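> Got coords19.cif for you, mmCIF, C-alpha atoms:
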data_entry
loop_
_atom_site.label_atom_id
_atom_site.label_comp_id
_atom_site.auth_asym_id
_atom_site.auth_seq_id
_atom_site.Cartn_x
_atom_site.Cartn_y
_atom_site.Cartn_z
CA MET A 1 254.98 58.33 54.03
CA LYS A 2 254.41 54.73 53.00
CA MET A 3 254.38 51.68 55.29
CA ASP A 4 256.55 48.72 54.32
CA LEU A 5 257.66 45.43 55.86
CA LEU A 6 261.24 44.18 56.00
CA TYR A 7 262.18 40.55 56.54
CA GLU A 8 265.33 38.95 57.86
CA ILE A 9 263.37 35.71 58.45
CA GLU A 10 264.49 35.13 62.03
CA SER A 11 264.31 31.67 63.56
CA ASP A 12 264.53 30.36 67.13
CA ARG A 13 264.70 26.77 65.80
CA PRO A 14 267.24 27.15 62.98
CA PHE A 15 268.07 23.48 62.41
CA ASP A 16 264.58 22.02 62.87
CA ARG A 17 263.60 21.37 59.26
CA GLN A 18 259.87 21.21 59.89
CA ALA A 19 260.07 24.44 61.88
CA GLN A 20 261.84 26.05 58.91
CA LYS A 21 259.00 24.97 56.62
CA GLU A 22 256.46 26.44 59.00
CA LEU A 23 258.46 29.66 59.30
CA PHE A 24 258.56 30.25 55.56
CA ASP A 25 254.85 29.44 55.29
CA HIS A 26 254.18 32.04 58.00
CA VAL A 27 256.21 34.68 56.15
CA LEU A 28 254.17 34.13 52.98
CA GLN A 29 250.94 34.42 54.98
CA GLU A 30 252.11 37.66 56.59
CA VAL A 31 252.95 39.33 53.28
CA GLU A 32 249.66 38.17 51.76
CA LEU A 33 247.88 39.89 54.67
CA ALA A 34 249.97 43.03 54.21
CA ASP A 35 249.05 43.05 50.52
CA ARG A 36 245.35 43.00 51.38
CA LEU A 37 245.75 45.76 53.99
CA GLY A 38 247.50 48.30 51.76
CA PHE A 39 251.18 48.08 52.75
CA HIS A 40 253.39 49.62 50.08
CA SER A 41 256.28 47.11 49.86
CA ALA A 42 257.72 43.93 51.36
CA TRP A 43 261.55 43.89 51.45
CA PHE A 44 263.73 40.83 51.95
CA VAL A 45 267.39 40.90 52.93
CA GLU A 46 270.15 38.78 51.43
CA HIS A 47 272.27 37.43 54.27
CA HIS A 48 274.42 34.33 54.48
CA PHE A 49 275.59 32.16 57.41
CA LEU A 50 273.73 34.22 60.06
CA VAL A 51 272.08 31.42 62.04
CA GLU A 52 268.85 32.53 63.79
CA PHE A 53 269.41 36.16 62.79
CA ALA A 54 268.59 35.89 59.06
CA HIS A 55 267.47 32.89 57.05
CA SER A 56 266.69 34.99 53.97
CA SER A 57 269.69 33.81 51.97
CA ALA A 58 267.75 33.42 48.69
CA PRO A 59 265.34 36.37 48.61
CA GLU A 60 264.84 36.07 44.87
CA VAL A 61 263.09 32.72 45.43
CA ILE A 62 260.83 34.11 48.17
CA LEU A 63 259.97 37.17 46.10
CA GLY A 64 259.22 34.98 43.10
CA ALA A 65 256.70 33.04 45.17
CA LEU A 66 255.16 36.26 46.46
CA SER A 67 254.85 37.63 42.94
CA GLN A 68 252.19 34.96 42.37
CA ARG A 69 250.49 35.22 45.77
CA THR A 70 250.05 39.01 45.95
CA GLU A 71 248.48 41.63 43.71
CA ARG A 72 249.49 45.14 44.78
CA ILE A 73 252.32 45.17 47.29
CA ARG A 74 255.71 46.02 45.80
CA LEU A 75 258.52 43.48 46.16
CA GLY A 76 261.84 44.78 47.42
CA HIS A 77 265.33 43.37 47.46
CA GLY A 78 266.65 44.82 50.67
CA VAL A 79 269.26 44.14 49.31
CA VAL A 80 270.99 42.23 46.50
CA LEU A 81 274.68 41.83 47.41
CA LEU A 82 276.68 43.07 44.43
CA PRO A 83 280.31 42.18 45.25
CA TYR A 84 281.30 39.09 43.28
CA PRO A 85 281.03 36.12 43.84
CA PHE A 86 277.95 36.88 45.92
CA ASN A 87 276.21 37.65 42.63
CA HIS A 88 277.44 38.29 39.10
CA PRO A 89 275.88 41.47 37.64
CA ILE A 90 274.52 39.62 34.60
CA ARG A 91 272.64 37.21 36.86
CA VAL A 92 271.34 40.13 38.93
CA ALA A 93 270.04 41.92 35.81
CA GLU A 94 268.38 38.72 34.60
CA ARG A 95 266.75 37.87 37.93
CA ILE A 96 265.48 41.39 38.65
CA ALA A 97 263.97 41.66 35.17
CA THR A 98 262.30 38.25 35.47
CA LEU A 99 260.82 39.11 38.87
CA ASP A 100 259.60 42.44 37.51
CA ILE A 101 257.80 40.65 34.67
CA LEU A 102 256.24 38.00 36.92
CA SER A 103 255.09 40.60 39.46
CA GLY A 104 253.59 42.93 36.88
CA GLY A 105 256.21 45.65 37.44
CA ARG A 106 256.38 45.73 41.26
CA VAL A 107 260.13 45.39 41.94
CA GLU A 108 262.27 47.68 44.11
CA PHE A 109 265.97 46.95 43.42
CA GLY A 110 268.04 47.48 46.57
CA THR A 111 271.82 46.95 46.54
CA GLY A 112 274.57 46.56 49.11
CA ARG A 113 277.83 44.87 50.20
CA SER A 114 277.03 42.94 53.42
CA SER A 115 279.26 42.32 56.45
CA SER A 116 282.91 41.29 56.42
CA PHE A 117 281.90 37.97 58.05
CA GLU A 118 279.72 37.10 55.07
CA GLN A 119 282.21 38.44 52.54
CA ARG A 120 284.97 36.22 53.91
CA GLY A 121 282.70 33.20 53.50
CA PHE A 122 282.61 33.91 49.76
CA GLY A 123 286.29 34.80 49.49
CA ILE A 124 285.65 38.52 48.97
CA ALA A 125 288.28 40.99 50.18
CA ARG A 126 286.60 43.67 52.33
CA GLN A 127 288.82 46.39 50.87
CA GLU A 128 287.64 45.52 47.35
CA SER A 129 283.91 45.23 48.09
CA ARG A 130 282.90 48.87 47.69
CA ALA A 131 284.66 49.22 44.33
CA MET A 132 283.08 45.95 43.18
CA TRP A 133 279.65 47.20 44.29
CA GLN A 134 280.14 50.45 42.40
CA GLU A 135 281.25 48.78 39.19
CA ALA A 136 278.41 46.25 39.22
CA LEU A 137 275.90 48.99 40.08
CA SER A 138 277.06 51.10 37.14
CA ILE A 139 276.57 48.39 34.52
CA ILE A 140 273.34 46.64 35.55
CA PRO A 141 271.05 49.49 34.32
CA ARG A 142 273.01 49.51 31.06
CA MET A 143 272.24 45.81 30.59
CA TRP A 144 268.54 46.72 30.66
CA ARG A 145 269.08 49.58 28.20
CA ASP A 146 271.81 48.62 25.73
CA GLU A 147 271.11 46.14 22.97
CA PRO A 148 273.52 44.42 22.74
CA PHE A 149 275.65 45.05 25.85
CA SER A 150 279.40 44.79 26.38
CA TYR A 151 281.82 46.00 29.03
CA GLU A 152 285.52 46.04 29.93
CA GLY A 153 286.26 47.05 33.50
CA ARG A 154 288.40 46.33 36.51
CA TYR A 155 286.34 43.44 37.87
CA PHE A 156 284.09 42.46 35.00
CA GLN A 157 284.87 41.82 31.34
CA ILE A 158 281.75 41.02 29.33
CA PRO A 159 281.86 40.43 25.58
CA GLU A 160 279.01 41.63 23.40
CA ARG A 161 275.87 39.81 24.49
CA HIS A 162 272.08 40.23 24.59
CA VAL A 163 271.03 40.28 28.25
CA VAL A 164 267.43 39.12 28.46
CA PRO A 165 264.73 39.56 29.59
CA LYS A 166 264.23 43.27 30.12
CA PRO A 167 262.22 44.56 33.11
CA LEU A 168 258.59 45.53 32.67
CA GLN A 169 258.99 48.89 34.44
CA GLN A 170 260.16 51.66 32.16
CA PRO A 171 263.02 52.39 32.02
CA HIS A 172 263.82 50.05 34.94
CA PRO A 173 262.89 49.41 38.61
CA PRO A 174 263.87 52.00 41.25
CA ILE A 175 267.41 51.45 42.56
CA TRP A 176 268.44 51.74 46.22
CA LEU A 177 271.46 51.38 48.51
CA ALA A 178 271.52 50.06 52.08
CA CYS A 179 273.12 52.87 54.11
CA THR A 180 274.85 52.12 57.41
CA SER A 181 277.41 54.95 57.55
CA PRO A 182 277.58 58.62 56.49
CA GLU A 183 279.77 57.55 53.56
CA SER A 184 277.11 55.19 52.21
CA TRP A 185 274.49 57.96 52.46
CA ARG A 186 276.84 60.15 50.43
CA LEU A 187 277.31 57.40 47.85
CA ALA A 188 273.56 56.92 47.49
CA GLY A 189 273.20 60.62 46.73
CA ILE A 190 276.10 60.76 44.27
CA ASN A 191 274.78 57.73 42.40
CA GLY A 192 271.24 59.15 42.26
CA ILE A 193 269.65 56.17 44.00
CA GLY A 194 267.36 55.79 47.00
CA ALA A 195 268.80 55.50 50.52
CA LEU A 196 267.71 52.71 52.86
CA GLY A 197 268.81 53.74 56.35
CA PHE A 198 268.90 51.82 59.64
CA SER A 199 267.60 53.71 62.66
CA ILE A 200 268.62 51.18 65.34
CA GLN A 201 272.16 52.55 65.18
CA ALA A 202 271.07 56.19 65.38
CA ASP A 203 268.55 58.41 67.12
CA LEU A 204 266.26 60.65 65.08
CA GLU A 205 268.66 63.59 65.17
CA GLU A 206 271.37 61.47 63.60
CA VAL A 207 268.94 60.04 61.04
CA LYS A 208 268.12 63.63 60.03
CA ALA A 209 271.82 64.48 59.70
CA ARG A 210 272.34 61.51 57.40
CA ILE A 211 269.31 62.41 55.28
CA ASP A 212 270.82 65.89 54.92
CA ILE A 213 274.08 64.34 53.66
CA TYR A 214 272.09 62.32 51.13
CA LYS A 215 270.06 65.30 49.90
CA GLU A 216 273.18 67.48 49.61
CA HIS A 217 274.98 65.00 47.37
CA LEU A 218 271.85 64.17 45.42
CA GLN A 219 271.94 67.72 44.08
CA ARG A 220 275.11 66.90 42.14
CA ALA A 221 274.29 63.28 41.39
CA ARG A 222 275.78 61.34 38.51
CA PRO A 223 272.92 58.86 38.16
CA VAL A 224 273.87 55.26 37.45
CA GLY A 225 270.34 54.62 36.20
CA GLU A 226 268.06 56.35 33.75
CA PHE A 227 266.44 58.46 36.47
CA ILE A 228 267.17 59.74 39.98
CA ASN A 229 265.36 57.83 42.72
CA ASP A 230 265.04 60.65 45.26
CA GLN A 231 263.62 58.64 48.16
CA VAL A 232 264.62 57.75 51.71
CA GLY A 233 263.60 54.56 53.45
CA ALA A 234 264.16 54.08 57.19
CA PHE A 235 264.27 50.65 58.83
CA THR A 236 263.09 50.06 62.38
CA MET A 237 261.74 47.26 64.53
CA ALA A 238 258.02 47.77 65.07
CA PHE A 239 255.42 46.06 67.21
CA CYS A 240 251.81 47.15 67.60
CA ALA A 241 249.24 45.78 70.06
CA PRO A 242 245.90 47.00 71.44
CA THR A 243 247.68 48.43 74.52
CA ASP A 244 251.14 49.84 75.21
CA GLU A 245 251.56 47.36 78.04
CA GLU A 246 250.94 44.31 75.83
CA ALA A 247 253.18 45.66 73.08
CA GLU A 248 256.08 46.34 75.42
CA GLU A 249 255.79 43.02 77.22
CA LEU A 250 255.82 41.01 73.98
CA ALA A 251 258.47 43.09 72.19
CA PHE A 252 260.99 43.35 75.04
CA GLU A 253 262.91 40.09 74.58
CA PRO A 254 262.81 39.89 70.73
CA PHE A 255 263.83 43.55 70.34
CA LEU A 256 266.80 43.17 72.65
CA TRP A 257 267.79 39.87 71.04
CA TYR A 258 267.84 41.49 67.59
CA THR A 259 269.77 44.51 68.84
CA LYS A 260 272.43 42.35 70.47
CA LYS A 261 272.79 40.13 67.41
CA SER A 262 272.93 42.99 64.92
CA TYR A 263 275.75 44.65 66.84
CA GLU A 264 277.66 41.41 67.22
CA ILE A 265 277.38 40.40 63.56
CA LEU A 266 277.18 43.60 61.58
CA LEU A 267 278.58 46.47 63.62
CA GLY A 268 281.20 44.34 65.33
CA GLY A 269 282.53 43.10 62.02
CA GLY A 270 282.84 46.65 60.74
CA LYS A 271 284.59 47.98 63.84
CA GLY A 272 287.20 45.26 64.14
CA ALA A 273 288.30 43.18 67.10
CA SER A 274 288.08 45.94 69.72
CA TRP A 275 285.00 47.79 70.95
CA GLN A 276 287.05 50.79 72.09
CA ASP A 277 286.14 52.81 68.99
CA LEU A 278 282.40 52.53 69.54
CA ARG A 279 280.31 55.59 70.28
CA GLU A 280 278.71 55.86 73.72
CA SER A 281 275.26 54.86 72.44
CA GLU A 282 276.77 51.83 70.67
CA ARG A 283 278.55 50.68 73.81
CA MET A 284 275.31 51.05 75.75
CA TYR A 285 273.47 48.80 73.29
CA LEU A 286 276.12 46.14 73.68
CA GLU A 287 275.67 46.23 77.44
CA VAL A 288 272.46 44.29 76.84
CA LEU A 289 274.88 41.41 77.34
CA GLU A 290 275.61 42.66 80.86
CA GLY A 291 272.07 42.87 82.18
CA ARG A 292 271.08 46.42 81.17
CA GLY A 293 268.25 45.25 78.92
CA PRO A 294 265.45 47.32 80.52
CA GLU A 295 267.54 50.50 80.29
CA VAL A 296 268.43 49.87 76.65
CA PHE A 297 264.82 49.05 75.75
CA LYS A 298 263.64 52.26 77.41
CA TYR A 299 266.27 54.26 75.52
CA MET A 300 265.20 52.77 72.19
CA LYS A 301 261.52 53.51 72.86
CA GLU A 302 262.08 57.07 74.04
CA ASN A 303 264.41 57.90 71.14
CA ALA A 304 262.13 56.27 68.53
CA THR A 305 264.90 54.01 67.28
CA VAL A 306 262.16 51.36 67.60
CA VAL A 307 258.39 51.76 67.43
CA VAL A 308 256.38 49.83 70.00
CA GLY A 309 252.95 50.53 71.44
CA ASN A 310 249.27 50.85 70.65
CA PRO A 311 248.17 52.22 67.24
CA GLU A 312 247.96 55.81 68.44
CA HIS A 313 251.47 55.64 69.89
CA CYS A 314 252.81 54.06 66.70
CA ILE A 315 251.24 56.81 64.59
CA GLU A 316 252.91 59.42 66.79
CA ARG A 317 256.33 57.78 66.42
CA PHE A 318 255.99 57.21 62.68
CA LYS A 319 255.01 60.86 62.25
CA GLN A 320 258.42 61.76 63.70
CA TYR A 321 260.07 59.83 60.87
CA GLU A 322 257.82 61.47 58.31
CA ALA A 323 258.84 64.89 59.63
CA LEU A 324 262.50 64.05 58.96
CA GLY A 325 261.78 63.51 55.26
CA VAL A 326 261.44 59.73 55.32
CA ASP A 327 259.40 58.43 52.37
CA LEU A 328 259.18 54.75 53.36
CA ILE A 329 259.24 53.21 56.82
CA LEU A 330 260.48 49.60 56.69
CA CYS A 331 259.06 47.74 59.69
CA LEU A 332 260.71 44.57 60.97
CA VAL A 333 257.80 42.76 62.61
CA GLN A 334 258.74 39.07 62.11
CA LEU A 335 261.03 38.72 65.10
CA TRP A 336 262.94 35.92 66.81
CA GLY A 337 260.60 34.03 69.13
CA MET A 338 257.50 36.07 68.23
CA PRO A 339 254.37 33.90 67.75
CA LEU A 340 252.76 34.09 64.30
CA GLU A 341 249.47 35.35 65.70
CA LYS A 342 251.18 38.33 67.33
CA THR A 343 253.08 39.20 64.15
CA MET A 344 249.80 39.02 62.23
CA GLN A 345 248.19 41.24 64.89
CA THR A 346 250.87 43.88 64.36
CA ILE A 347 250.40 43.79 60.58
CA GLU A 348 246.62 44.02 60.95
CA LEU A 349 246.69 46.92 63.41
CA ILE A 350 249.18 48.88 61.32
CA GLY A 351 247.20 48.17 58.17
CA LYS A 352 243.80 49.08 59.58
CA GLU A 353 244.64 51.85 62.04
CA VAL A 354 248.08 53.28 61.27
CA ILE A 355 248.29 53.39 57.47
CA PRO A 356 245.07 55.48 57.14
CA ALA A 357 246.78 58.22 59.19
CA PHE A 358 249.31 58.74 56.39
CA LYS A 359 248.80 59.89 52.85
CA GLU A 360 249.99 57.03 50.66
CA THR A 361 250.88 57.44 47.01
CA ARG A 362 251.99 54.20 45.39
CA VAL A 363 255.10 54.34 43.25
CA GLY A 364 254.49 52.63 39.94
CA ALA A 365 250.85 51.82 40.71
#
Starting from the coordinates I provided, produce the structure as structure tokens.

Amino acid sequence: MKMDLLYEIESDRPFDRQAQKELFDHVLQEVELADRLGFHSAWFVEHHFLVEFAHSSAPEVILGALSQRTERIRLGHGVVLLPYPFNHPIRVAERIATLDILSGGRVEFGTGRSSSFEQRGFGIARQESRAMWQEALSIIPRMWRDEPFSYEGRYFQIPERHVVPKPLQQPHPPIWLACTSPESWRLAGINGIGALGFSIQADLEEVKARIDIYKEHLQRARPVGEFINDQVGAFTMAFCAPTDEEAEELAFEPFLWYTKKSYEILLGGGKGASWQDLRESERMYLEVLEGRGPEVFKYMKENATVVVGNPEHCIERFKQYEALGVDLILCLVQLWGMPLEKTMQTIELIGKEVIPAFKETRVGA
């Protein structure tokens, strides 16, 4: 299993312009350190309007900068939002190919739809977003292959054109889907693309069930690309310190803050106005708002939906993910309110003490 980083770019001073500059400088420093320490990939989300929670609204710009400041670490879109007008598929094909060239063939191409809150901001109808994602997904690899390219579909009508440049990786970068429901795991399998799952919503047993759904449908995949990307990535918050006590003390508030915000913004938007349809574990997470933070934090630690502790403890927890069939573990370590030096400490401890405990084979290296 490979160790990756995932960035939302969280901010506790969202409208302080100098603080924003410092924050982005810190993110670049963190990924440069991860590159030196042997992390496999750095993934950046595309989110819009999510104040404090995610300031990574233009990941292609950040990844372009990192392509010139790193040498080995792979650069992941986690993910590009494909419903239009988030992004037109021609522009996606052009940007991914350009980044792949500039990085020397290090791009991981993740895709997704985003939350209804963000979709409404761009005038996208929620009920149309999955079909738009599927149509865009099906034609982007063809733009890298066909010369020239043309297409007539439901959402996109493209006359014969040469889409340039072409990516450096042959035949194209690995393709992924952000998976937040059993249906999205099924779609990842059917389309023959990698699955990026989110463990905060599910304990390890449920993660395993979703991986099984993915693997089952992968067997009868109709690949949208030129090859099947048979890989599973799992996202989790992670914090590593010399002792369990230090790790838990520092991670407590940021972990709970992220959990509360993610349920409010992402899960809440998907469930509608009422919380009555939530599962018991989901309702418990939301009770962070009602003073049950210590209980929720303990639940997350014990069920490995987050990884927090000393290096030995982190290795033990990550091994549980590896046993499920997870190929990449995407660690969110840049957290709201977390000092830079503590984030760098986590990256350094994982790089020096955790990564050597896993056999790492670089894709595309």
> Around (287.4, 36.8, 47.4), as given in the file, which residues come within 10 Å? Count only C-alpha atoms and list them as a PDB file with C-alpha atoms, in the frame of the given file.

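Result file is part.pdb:
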ATOM      1  CA  PRO A  83     280.310  42.180  45.250  1.00  0.00           C
ATOM      2  CA  TYR A  84     281.300  39.090  43.280  1.00  0.00           C
ATOM      3  CA  PRO A  85     281.030  36.120  43.840  1.00  0.00           C
ATOM      4  CA  PHE A  86     277.950  36.880  45.920  1.00  0.00           C
ATOM      5  CA  GLN A 119     282.210  38.440  52.540  1.00  0.00           C
ATOM      6  CA  ARG A 120     284.970  36.220  53.910  1.00  0.00           C
ATOM      7  CA  GLY A 121     282.700  33.200  53.500  1.00  0.00           C
ATOM      8  CA  PHE A 122     282.610  33.910  49.760  1.00  0.00           C
ATOM      9  CA  GLY A 123     286.290  34.800  49.490  1.00  0.00           C
ATOM     10  CA  ILE A 124     285.650  38.520  48.970  1.00  0.00           C
ATOM     11  CA  ALA A 125     288.280  40.990  50.180  1.00  0.00           C
ATOM     12  CA  ARG A 126     286.600  43.670  52.330  1.00  0.00           C
ATOM     13  CA  GLU A 128     287.640  45.520  47.350  1.00  0.00           C
ATOM     14  CA  SER A 129     283.910  45.230  48.090  1.00  0.00           C
TER      15      SER A 129
END
> When you draw a straight line from atom CA of A:Glu160 to atom CA of A:Gly112, how long is it in Å?
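Atom-to-atom, atom CA of A:Glu160 to atom CA of A:Gly112, that is 26.6 Å.
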> Could you check how far atom CA of A:Ala221 sits from atom CA of A:Gly192, in Å to one decimal?
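Interatomic distance here is 5.2 Å.
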> I want to know what sits within 12 Å of stretch 17-25 of chain A, based on all atoms listed in the file, with residues of the same chain fewer than 2 positions away left out; could you give that as a VMD selection string?
chain A and resid 7 to 15 27 to 32 51 to 52 54 to 56 58 to 59 61 to 63 65 to 66 69 334 to 340 343
> Could you tell me, as a count of residues only, exactly which residues end up selected when the PyMOL selection byres ((chain A and resi 87) around 12) is applied to this structure?
31
> Residues within 7 Å of stretch 303-314 of chain A, please, as JSON, numbers by chain. Count all atoms listed in the file; anything in the same chain fewer than 6 positions from it doesn't count.
{"A": [199, 200, 202, 203, 204, 236, 237, 238, 239, 240, 241, 242, 243, 244, 247, 248, 349, 350, 353, 354]}
> On this file, the PyMOL selection byres ((chain A and resi 227-235) around 7) gives some set of residues; write that set as a PDB file with C-alpha atoms, in the coordinates of the input.

ATOM      1  CA  PRO A 174     263.870  52.000  41.250  1.00  0.00           C
ATOM      2  CA  ILE A 175     267.410  51.450  42.560  1.00  0.00           C
ATOM      3  CA  GLY A 192     271.240  59.150  42.260  1.00  0.00           C
ATOM      4  CA  ILE A 193     269.650  56.170  44.000  1.00  0.00           C
ATOM      5  CA  GLY A 194     267.360  55.790  47.000  1.00  0.00           C
ATOM      6  CA  ALA A 195     268.800  55.500  50.520  1.00  0.00           C
ATOM      7  CA  LEU A 196     267.710  52.710  52.860  1.00  0.00           C
ATOM      8  CA  GLY A 197     268.810  53.740  56.350  1.00  0.00           C
ATOM      9  CA  PHE A 198     268.900  51.820  59.640  1.00  0.00           C
ATOM     10  CA  SER A 199     267.600  53.710  62.660  1.00  0.00           C
ATOM     11  CA  PRO A 223     272.920  58.860  38.160  1.00  0.00           C
ATOM     12  CA  GLY A 225     270.340  54.620  36.200  1.00  0.00           C
ATOM     13  CA  GLU A 226     268.060  56.350  33.750  1.00  0.00           C
ATOM     14  CA  THR A 236     263.090  50.060  62.380  1.00  0.00           C
ATOM     15  CA  VAL A 326     261.440  59.730  55.320  1.00  0.00           C
ATOM     16  CA  ASP A 327     259.400  58.430  52.370  1.00  0.00           C
ATOM     17  CA  LEU A 328     259.180  54.750  53.360  1.00  0.00           C
ATOM     18  CA  ILE A 329     259.240  53.210  56.820  1.00  0.00           C
ATOM     19  CA  LEU A 330     260.480  49.600  56.690  1.00  0.00           C
ATOM     20  CA  CYS A 331     259.060  47.740  59.690  1.00  0.00           C
TER      21      CYS A 331
END
> Report as an MDAnalysis selection string all protein, DNA and RNA residues lying within 9 Å of stretch 184-191 of chain A, evaluated on only C-alpha atoms, omitting residues in the same chain fewer than 5 positions from it.
chainID A and resid 138 176:179 196:197 210:211 213:225 228 230
> Take atom CA of A:Phe53 and atom CA of A:Phe117 and report the distance between them in Å, one decimal.
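Between atom CA of A:Phe53 and atom CA of A:Phe117 the gap is 13.5 Å.
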> Between A:Ile315, A:Met300, A:Val207, A:Met1, which residue has the minimum interatomic distance to A:Phe252, considering all atoms listed in the file?
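Closest to A:Phe252 of all the choices is A:Met300.
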> My list of candidates is A:Asp35, A:Glu302, A:Glu264, A:Glu322. Which is closest to A:Ser67 when distances are computed with all atoms listed in the file?
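Under the stated criterion, the closest residue is A:Asp35.
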> When the PyMOL selection byres ((chain A and resi 36) around 9) is applied to the file above, which residues end up in the set, as a list in words?
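Taken over the shown coordinates, the PyMOL selection byres ((chain A and resi 36) around 9) returns Val31, Glu32, Leu33, Ala34, Asp35, Leu37, Gly38, Phe39, Thr70, Glu71, Arg72, Ile73 and Gly351 of chain A.
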> Given only C-alpha atoms as the basis, pick out the residue of A:Leu250, A:His47, A:Glu108, A:Leu168 nearest to A:Glu341.
A:Leu250
> Return the single residue from A:His162, A:Ile265, A:Arg292, A:Lys208 that is closest to A:Gln320, with distances computed using only C-alpha atoms.
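Closest to A:Gln320 of all the choices is A:Lys208.
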> Counting all atoms listed in the file, which of A:His26, A:His40, A:Lys301, A:Arg145 gets nearest to A:Met3?
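Closest residue, counting all atoms listed in the file: A:His40.
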> Starting from the point (271.2, 41.9, 28.7), work out which residues of protein, DNA or RNA have an atom no more than 7 Å away when counting all atoms listed in the file; state them as a ChimeraX atom specification.
/A:143-144,148-149,161-165
> With only C-alpha atoms as the atoms that count, which of A:Tyr258, A:Gly153, A:Phe358, A:Gly64 lies nearest to A:Phe318?
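Using only C-alpha atoms, the shortest distance to A:Phe318 belongs to A:Phe358.
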